[in-house]
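Structure file work27.txt (compact mmCIF, C-alpha atoms) follows.
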# COMPACT_ATOMS: atom_id res chain seq x y z
CA MET A 1 45.70 28.18 -31.04
CA SER A 2 45.18 29.61 -27.55
CA GLY A 3 46.70 28.04 -24.49
CA THR A 4 44.53 25.98 -22.18
CA SER A 5 44.39 25.19 -18.48
CA GLN A 6 43.19 22.05 -16.77
CA LEU A 7 41.97 21.55 -13.22
CA GLU A 8 41.61 18.24 -11.39
CA ILE A 9 40.52 17.80 -7.78
CA GLU A 10 41.69 14.84 -5.72
CA GLY A 11 40.51 15.07 -2.15
CA HIS A 12 42.01 18.20 -0.61
CA ILE A 13 44.53 18.66 -3.45
CA ALA A 14 43.83 20.74 -6.55
CA LYS A 15 46.00 19.94 -9.58
CA LEU A 16 46.12 22.93 -11.91
CA SER A 17 48.12 22.80 -15.13
CA PHE A 18 48.49 24.85 -18.29
CA TYR A 19 49.61 24.26 -21.85
CA SER A 20 50.24 26.06 -25.10
CA PRO A 21 51.96 24.68 -28.20
CA ALA A 22 54.53 27.50 -28.17
CA SER A 23 56.60 26.15 -25.27
CA ASN A 24 53.79 26.88 -22.80
CA ALA A 25 53.89 30.60 -23.57
CA CYS A 26 51.03 32.67 -22.14
CA ASP A 27 48.37 34.41 -24.21
CA PRO A 28 45.51 36.56 -22.83
CA ASN A 29 42.98 33.72 -22.70
CA LEU A 30 45.37 31.40 -20.87
CA LEU A 31 46.26 34.08 -18.32
CA GLU A 32 42.58 34.80 -17.71
CA SER A 33 41.76 31.12 -17.23
CA LEU A 34 44.54 30.75 -14.65
CA VAL A 35 43.39 33.84 -12.76
CA ALA A 36 39.85 32.44 -12.64
CA ALA A 37 41.11 29.05 -11.43
CA PHE A 38 43.14 30.51 -8.56
CA GLU A 39 40.24 32.72 -7.51
CA GLN A 40 37.89 29.73 -7.55
CA LEU A 41 40.26 27.53 -5.56
CA SER A 42 40.93 30.26 -2.99
CA SER A 43 37.31 30.16 -1.85
CA ASP A 44 36.92 26.37 -2.01
CA LYS A 45 36.82 25.20 1.61
CA ASP A 46 37.65 21.60 0.65
CA ILE A 47 40.97 22.51 -0.97
CA LYS A 48 44.09 22.83 1.20
CA VAL A 49 46.88 22.92 -1.36
CA ILE A 50 47.32 23.59 -5.08
CA LEU A 51 49.82 21.64 -7.18
CA PHE A 52 50.63 23.91 -10.14
CA SER A 53 52.48 22.83 -13.27
CA SER A 54 52.74 23.16 -17.01
CA GLN A 55 52.19 20.21 -19.29
CA GLY A 56 54.77 18.27 -21.28
CA THR A 57 58.42 17.50 -20.68
CA GLY A 58 59.91 20.56 -22.40
CA ALA A 59 59.84 24.18 -21.31
CA PHE A 60 57.98 25.18 -18.16
CA CYS A 61 56.91 28.53 -19.61
CA ALA A 62 58.27 30.69 -22.45
CA GLY A 63 56.70 33.82 -20.95
CA ALA A 64 54.52 36.07 -23.07
CA SER A 65 53.32 34.69 -26.39
CA ILE A 66 55.49 36.26 -29.09
CA LYS A 67 52.59 35.90 -31.52
CA HIS A 68 50.42 38.09 -29.31
CA LEU A 69 53.24 40.53 -28.64
CA GLY A 70 53.62 41.01 -32.37
CA ALA A 71 49.92 41.79 -32.70
CA LEU A 72 49.99 44.67 -30.19
CA THR A 73 49.29 47.95 -31.95
CA ASP A 74 47.63 50.21 -29.37
CA ILE A 75 48.33 51.15 -25.76
CA ARG A 76 44.99 49.91 -24.43
CA THR A 77 45.32 46.38 -25.80
CA ALA A 78 48.99 46.20 -24.83
CA THR A 79 48.29 47.35 -21.28
CA ALA A 80 45.55 44.75 -20.88
CA PHE A 81 47.90 42.02 -22.13
CA PHE A 82 50.75 42.83 -19.74
CA ASN A 83 48.33 43.41 -16.90
CA GLY A 84 47.25 39.79 -17.44
CA PHE A 85 50.56 38.73 -15.91
CA GLY A 86 50.04 41.19 -13.08
CA ARG A 87 46.56 39.86 -12.41
CA LEU A 88 47.89 36.29 -12.34
CA ILE A 89 50.59 37.21 -9.82
CA LEU A 90 47.97 38.97 -7.69
CA ALA A 91 45.62 35.98 -7.90
CA MET A 92 48.40 33.65 -6.75
CA LYS A 93 49.37 36.07 -3.98
CA SER A 94 45.79 36.46 -2.78
CA CYS A 95 44.89 32.78 -3.05
CA GLU A 96 44.37 31.44 0.46
CA LYS A 97 45.88 28.07 -0.44
CA ILE A 98 49.55 27.13 -0.49
CA ILE A 99 50.70 26.88 -4.12
CA ILE A 100 53.33 24.23 -4.85
CA THR A 101 54.80 24.57 -8.33
CA GLN A 102 56.85 22.01 -10.22
CA VAL A 103 59.25 23.31 -12.88
CA GLN A 104 60.39 20.65 -15.32
CA GLY A 105 62.20 22.77 -17.91
CA LYS A 106 63.34 26.21 -19.02
CA SER A 107 61.50 29.42 -18.18
CA VAL A 108 61.73 32.83 -19.83
CA GLY A 109 60.33 36.23 -18.87
CA GLY A 110 56.83 35.94 -17.47
CA GLY A 111 57.43 32.30 -16.67
CA LEU A 112 59.84 33.43 -13.96
CA GLY A 113 57.10 35.67 -12.60
CA ILE A 114 54.81 32.66 -12.25
CA ILE A 115 57.55 30.76 -10.41
CA ALA A 116 58.23 33.71 -8.11
CA ALA A 117 54.53 34.03 -7.23
CA SER A 118 54.45 30.41 -6.06
CA ASP A 119 54.82 29.55 -2.39
CA TYR A 120 57.04 26.48 -2.76
CA VAL A 121 58.86 25.41 -5.93
CA LEU A 122 60.39 22.08 -6.87
CA ALA A 123 62.65 22.13 -9.91
CA SER A 124 64.34 19.71 -12.25
CA PRO A 125 68.03 20.17 -13.16
CA LYS A 126 66.71 21.14 -16.61
CA ALA A 127 64.97 24.23 -15.21
CA GLY A 128 67.05 26.96 -16.85
CA LEU A 129 66.16 30.64 -16.37
CA LYS A 130 66.40 33.78 -18.51
CA LEU A 131 64.90 37.27 -18.53
CA SER A 132 65.06 38.14 -22.22
CA GLU A 133 62.91 41.29 -22.17
CA LEU A 134 65.70 43.80 -22.89
CA ASN A 135 66.58 41.74 -25.93
CA ILE A 136 63.14 42.44 -27.40
CA GLY A 137 62.89 46.11 -26.48
CA ILE A 138 60.85 45.91 -23.27
CA GLY A 139 61.60 45.22 -19.59
CA PRO A 140 60.48 42.68 -16.97
CA LEU A 141 58.64 45.42 -15.10
CA VAL A 142 55.42 43.59 -14.19
CA ILE A 143 57.16 40.55 -12.75
CA ALA A 144 60.00 42.52 -11.13
CA PRO A 145 58.36 42.95 -7.69
CA ALA A 146 57.69 39.20 -7.42
CA LEU A 147 61.23 38.31 -8.45
CA ILE A 148 62.86 40.88 -6.17
CA ARG A 149 60.72 39.62 -3.27
CA LYS A 150 62.07 36.10 -3.80
CA MET A 151 65.65 36.71 -4.95
CA GLY A 152 66.60 40.22 -3.90
CA VAL A 153 67.77 43.12 -6.04
CA THR A 154 71.23 41.75 -6.85
CA ALA A 155 70.05 38.44 -8.32
CA PHE A 156 67.26 40.20 -10.21
CA THR A 157 69.80 42.67 -11.62
CA ASN A 158 72.04 39.82 -12.78
CA LEU A 159 69.12 38.28 -14.64
CA CYS A 160 67.51 41.31 -16.25
CA LEU A 161 70.75 43.00 -17.33
CA GLN A 162 72.02 39.81 -19.01
CA PRO A 163 69.05 39.13 -21.32
CA THR A 164 70.85 36.62 -23.56
CA GLN A 165 72.38 34.52 -20.78
CA TRP A 166 70.77 31.41 -19.31
CA GLN A 167 71.16 30.63 -15.62
CA ASP A 168 70.93 27.01 -14.60
CA ALA A 169 68.69 25.38 -12.02
CA ASN A 170 71.39 25.43 -9.36
CA TRP A 171 71.55 29.20 -9.74
CA GLY A 172 67.79 29.34 -9.21
CA LEU A 173 68.10 27.24 -6.06
CA GLN A 174 71.00 29.25 -4.65
CA ASN A 175 69.22 32.54 -5.28
CA GLY A 176 65.91 31.58 -3.72
CA LEU A 177 63.69 31.17 -6.77
CA PHE A 178 63.53 27.41 -6.23
CA ASN A 179 63.01 25.79 -2.83
CA GLN A 180 64.00 22.24 -3.73
CA MET A 181 65.94 20.52 -6.49
CA VAL A 182 64.90 17.06 -7.64
CA SER A 183 68.04 15.50 -9.05
CA GLU A 184 66.25 12.96 -11.24
CA PRO A 185 63.73 14.70 -13.54
CA GLU A 186 61.53 11.62 -13.80
CA ASN A 187 60.89 11.85 -10.05
CA LEU A 188 59.78 15.48 -10.11
CA ARG A 189 56.04 14.81 -10.28
CA ALA A 190 56.14 12.15 -7.59
CA GLN A 191 58.02 14.39 -5.17
CA ALA A 192 55.70 17.33 -5.89
CA LEU A 193 52.70 15.11 -5.17
CA GLU A 194 54.36 13.88 -1.98
CA LYS A 195 54.90 17.48 -0.86
CA ALA A 196 51.27 18.36 -1.64
CA ALA A 197 50.05 15.29 0.24
CA ALA A 198 51.95 16.43 3.34
CA TYR A 199 50.35 19.89 3.26
CA LYS A 200 46.83 18.52 2.98
CA ASP A 201 47.15 17.14 6.53
CA TYR A 202 47.99 20.53 8.05
CA ASP A 203 45.45 22.85 9.63
CA THR A 204 43.72 25.03 7.03
CA GLN A 205 43.72 28.19 9.12
CA ALA A 206 47.37 27.75 10.03
CA LEU A 207 48.32 27.45 6.35
CA LYS A 208 46.29 30.58 5.56
CA GLU A 209 47.98 32.56 8.33
CA ILE A 210 51.44 31.41 7.22
CA LYS A 211 50.72 32.49 3.65
CA GLU A 212 49.64 35.93 4.85
CA VAL A 213 52.94 36.29 6.68
CA LEU A 214 54.90 35.19 3.61
CA TRP A 215 53.26 37.95 1.55
CA GLN A 216 53.48 40.78 4.07
CA GLY A 217 54.41 44.11 2.56
CA THR A 218 52.71 43.49 -0.78
CA ALA A 219 49.35 45.19 -0.19
CA HIS A 220 50.28 47.94 -2.66
CA TRP A 221 51.01 45.54 -5.51
CA GLU A 222 47.67 45.95 -7.30
CA LYS A 223 48.50 49.57 -8.07
CA LEU A 224 52.21 48.88 -8.63
CA LEU A 225 51.74 46.03 -11.09
CA ALA A 226 49.09 47.95 -13.04
CA GLU A 227 51.47 50.91 -13.34
CA ASN A 228 54.30 48.64 -14.47
CA ALA A 229 52.00 46.99 -17.02
CA ALA A 230 51.24 50.41 -18.51
CA LYS A 231 54.96 51.23 -18.72
CA THR A 232 55.69 47.91 -20.42
CA ALA A 233 52.81 48.44 -22.83
CA ALA A 234 54.22 51.80 -23.87
CA LEU A 235 57.56 50.16 -24.65
CA SER A 236 55.92 47.28 -26.53
CA ILE A 237 54.37 49.47 -29.23
CA MET A 238 57.59 51.39 -29.91
CA PRO A 239 59.46 50.63 -33.17
CA THR A 240 62.34 48.85 -31.41
CA ALA A 241 60.07 46.31 -29.72
CA GLN A 242 57.83 45.85 -32.74
CA ALA A 243 60.86 45.11 -34.93
CA ALA A 244 62.08 42.53 -32.41
CA PHE A 245 58.64 40.87 -32.22
CA LYS A 246 58.47 40.62 -36.01
CA LYS A 247 61.96 39.10 -36.10
CA PHE A 248 61.00 36.38 -33.65
CA ASN A 249 57.70 35.73 -35.45
CA SER A 250 59.29 35.46 -38.90
Could the structure of this file be written out as structure tokens, please?
Amino acid sequence: MSGTSQLEIEGHIAKLSFYSPASNACDPNLLESLVAAFEQLSSDKDIKVILFSSQGTGAFCAGASIKHLGALTDIRTATAFFNGFGRLILAMKSCEKIIITQVQGKSVGGGLGIIAASDYVLASPKAGLKLSELNIGIGPLVIAPALIRKMGVTAFTNLCLQPTQWQDANWGLQNGLFNQMVSEPENLRAQALEKAAAYKDYDTQALKEIKEVLWQGTAHWEKLLAENAAKTAALSIMPTAQAAFKKFNS
């Protein structure tokens, strides 16, 4: 079963969410639907802010779908799959609206890339973090620029070179991946909605200009992320990665 996305519009606020039964992991169709949604919302003059979330009370996002990773057999298909994460990051970066993301639970791999591409992130104390790519024979190459932009090289190094170790939500807050911690998980949605409601009253052009400033220095990312997707794809069809994918899928 492919993941799905859902979009609701309430006044000047767009509520975009995604879901997949495998801990909200991302498959190609889900990634494409999210890219299309952000592109649509970027050009919608009535929308001022996007509230982005995953569905359920468990994991925020388990990264790339292990099922789809295990089905990769050729460089072309693999490159397209990993470039899906790059295209989503670029769509979030290029979207003219402020993106507020709420993170209710754990995130792995590509899920951290989604968080890092957000403009403002509210997190629950349950929002653990891990970059597990080295443990499955690949590397977090596509999402690396977004994570380094938010956290810096040192924090990114600590994550990617400890692929079996979880970092807690406080670590995410201290290292800049999260902007705000909501101490009581049941209040996360309400506080995210309150934040979104505040932004909808701000001047549209001012918000657009601020977002452009926040993303300065990233004009080269389209080429960079595509190159990193190709490198990751090459790793993903090697025997080491394929053996790891089969282990996780068994």
Tell me which protein, DNA and RNA residues are within 10 Å of Ala80 in chain A, counting all atoms listed in the file, leaving out same-chain ones fewer than 5 positions away, and put them as a ChimeraX atom specification. /A:28,75,85-87,226,229-230,233
Distance in Å - CA of Ala71 in chain A versus CA of Gly84 in chain A: 15.6 Å
Pick out the closest residue to Gly172 in chain A from this set: A:Gly11, A:Gly70, A:Gly110, A:Pro125. Count only C-alpha atoms.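 Result for the nearest residue to Gly172 in chain A: A:Pro125.
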CA of Leu147 in chain A and CA of Leu161 in chain A, how far apart in Å?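 So the answer is 13.8 Å.
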Contacts of Ala146 in chain A within 7 Å, only C-alpha atoms, excl. fewer than 3 positions in-chain, as a ChimeraX atom specification: /A:113,116-117,143,149-150
Counting all atoms listed in the file, the residue of A:Ile89, A:Cys95, A:Ala78, A:Cys160 that sits nearest Ala234 in chain A: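 Result for the nearest residue to Ala234 in chain A: A:Ala78.
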Expected residue set, 8 Å radius at (46.9, 21.9, -21.3), only C-alpha atoms, as a PDB file with C-alpha atoms, in the frame of the given file:
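Result saved to part35.pdb:
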ATOM      1  CA  GLY A   3      46.700  28.040 -24.490  1.00  0.00           C
ATOM      2  CA  THR A   4      44.530  25.980 -22.180  1.00  0.00           C
ATOM      3  CA  SER A   5      44.390  25.190 -18.480  1.00  0.00           C
ATOM      4  CA  GLN A   6      43.190  22.050 -16.770  1.00  0.00           C
ATOM      5  CA  SER A  17      48.120  22.800 -15.130  1.00  0.00           C
ATOM      6  CA  PHE A  18      48.490  24.850 -18.290  1.00  0.00           C
ATOM      7  CA  TYR A  19      49.610  24.260 -21.850  1.00  0.00           C
ATOM      8  CA  SER A  20      50.240  26.060 -25.100  1.00  0.00           C
ATOM      9  CA  SER A  54      52.740  23.160 -17.010  1.00  0.00           C
ATOM     10  CA  GLN A  55      52.190  20.210 -19.290  1.00  0.00           C
TER      11      GLN A  55
END
Hey, could you patch up range 107-122 of chain A with N, CA, C and O atoms and hand it over as a PDB file, in the coordinates of the input?
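rebuild11.pdb, written as the output of this step:
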ATOM      1  N   SER A 107      62.482  28.356 -18.331  1.00  0.00           N
ATOM      2  CA  SER A 107      61.500  29.420 -18.180  1.00  0.00           C
ATOM      3  C   SER A 107      62.115  30.735 -18.650  1.00  0.00           C
ATOM      4  O   SER A 107      63.290  31.013 -18.391  1.00  0.00           O
ATOM      5  N   VAL A 108      61.288  31.526 -19.319  1.00  0.00           N
ATOM      6  CA  VAL A 108      61.730  32.830 -19.830  1.00  0.00           C
ATOM      7  C   VAL A 108      60.716  33.887 -19.388  1.00  0.00           C
ATOM      8  O   VAL A 108      59.515  33.619 -19.317  1.00  0.00           O
ATOM      9  N   GLY A 109      61.198  35.091 -19.105  1.00  0.00           N
ATOM     10  CA  GLY A 109      60.330  36.230 -18.870  1.00  0.00           C
ATOM     11  C   GLY A 109      59.221  35.971 -17.863  1.00  0.00           C
ATOM     12  O   GLY A 109      59.466  35.648 -16.703  1.00  0.00           O
ATOM     13  N   GLY A 110      57.973  36.108 -18.345  1.00  0.00           N
ATOM     14  CA  GLY A 110      56.830  35.940 -17.470  1.00  0.00           C
ATOM     15  C   GLY A 110      56.755  34.604 -16.773  1.00  0.00           C
ATOM     16  O   GLY A 110      56.125  34.481 -15.720  1.00  0.00           O
ATOM     17  N   GLY A 111      57.389  33.599 -17.331  1.00  0.00           N
ATOM     18  CA  GLY A 111      57.430  32.300 -16.670  1.00  0.00           C
ATOM     19  C   GLY A 111      58.133  32.374 -15.326  1.00  0.00           C
ATOM     20  O   GLY A 111      57.751  31.694 -14.363  1.00  0.00           O
ATOM     21  N   LEU A 112      59.155  33.235 -15.236  1.00  0.00           N
ATOM     22  CA  LEU A 112      59.840  33.430 -13.960  1.00  0.00           C
ATOM     23  C   LEU A 112      58.934  34.138 -12.963  1.00  0.00           C
ATOM     24  O   LEU A 112      59.007  33.894 -11.759  1.00  0.00           O
ATOM     25  N   GLY A 113      58.057  35.011 -13.476  1.00  0.00           N
ATOM     26  CA  GLY A 113      57.100  35.670 -12.600  1.00  0.00           C
ATOM     27  C   GLY A 113      56.140  34.686 -11.968  1.00  0.00           C
ATOM     28  O   GLY A 113      55.798  34.795 -10.783  1.00  0.00           O
ATOM     29  N   ILE A 114      55.706  33.700 -12.759  1.00  0.00           N
ATOM     30  CA  ILE A 114      54.810  32.660 -12.250  1.00  0.00           C
ATOM     31  C   ILE A 114      55.521  31.859 -11.155  1.00  0.00           C
ATOM     32  O   ILE A 114      54.948  31.559 -10.106  1.00  0.00           O
ATOM     33  N   ILE A 115      56.774  31.513 -11.403  1.00  0.00           N
ATOM     34  CA  ILE A 115      57.550  30.760 -10.410  1.00  0.00           C
ATOM     35  C   ILE A 115      57.688  31.577  -9.121  1.00  0.00           C
ATOM     36  O   ILE A 115      57.492  31.075  -8.011  1.00  0.00           O
ATOM     37  N   ALA A 116      58.000  32.865  -9.272  1.00  0.00           N
ATOM     38  CA  ALA A 116      58.230  33.710  -8.110  1.00  0.00           C
ATOM     39  C   ALA A 116      56.957  33.940  -7.292  1.00  0.00           C
ATOM     40  O   ALA A 116      57.028  34.202  -6.092  1.00  0.00           O
ATOM     41  N   ALA A 117      55.797  33.837  -7.939  1.00  0.00           N
ATOM     42  CA  ALA A 117      54.530  34.030  -7.230  1.00  0.00           C
ATOM     43  C   ALA A 117      54.061  32.768  -6.527  1.00  0.00           C
ATOM     44  O   ALA A 117      53.070  32.788  -5.804  1.00  0.00           O
ATOM     45  N   SER A 118      54.778  31.677  -6.723  1.00  0.00           N
ATOM     46  CA  SER A 118      54.450  30.410  -6.060  1.00  0.00           C
ATOM     47  C   SER A 118      54.984  30.424  -4.633  1.00  0.00           C
ATOM     48  O   SER A 118      55.923  31.152  -4.309  1.00  0.00           O
ATOM     49  N   ASP A 119      54.389  29.595  -3.783  1.00  0.00           N
ATOM     50  CA  ASP A 119      54.820  29.550  -2.390  1.00  0.00           C
ATOM     51  C   ASP A 119      55.956  28.564  -2.144  1.00  0.00           C
ATOM     52  O   ASP A 119      56.807  28.794  -1.282  1.00  0.00           O
ATOM     53  N   TYR A 120      55.972  27.480  -2.894  1.00  0.00           N
ATOM     54  CA  TYR A 120      57.040  26.480  -2.760  1.00  0.00           C
ATOM     55  C   TYR A 120      57.273  25.889  -4.148  1.00  0.00           C
ATOM     56  O   TYR A 120      56.320  25.528  -4.841  1.00  0.00           O
ATOM     57  N   VAL A 121      58.540  25.823  -4.556  1.00  0.00           N
ATOM     58  CA  VAL A 121      58.860  25.410  -5.930  1.00  0.00           C
ATOM     59  C   VAL A 121      59.856  24.267  -5.936  1.00  0.00           C
ATOM     60  O   VAL A 121      60.934  24.352  -5.331  1.00  0.00           O
ATOM     61  N   LEU A 122      59.481  23.188  -6.625  1.00  0.00           N
ATOM     62  CA  LEU A 122      60.390  22.080  -6.870  1.00  0.00           C
ATOM     63  C   LEU A 122      60.834  22.144  -8.321  1.00  0.00           C
ATOM     64  O   LEU A 122      60.004  22.338  -9.222  1.00  0.00           O
TER      65      LEU A 122
END
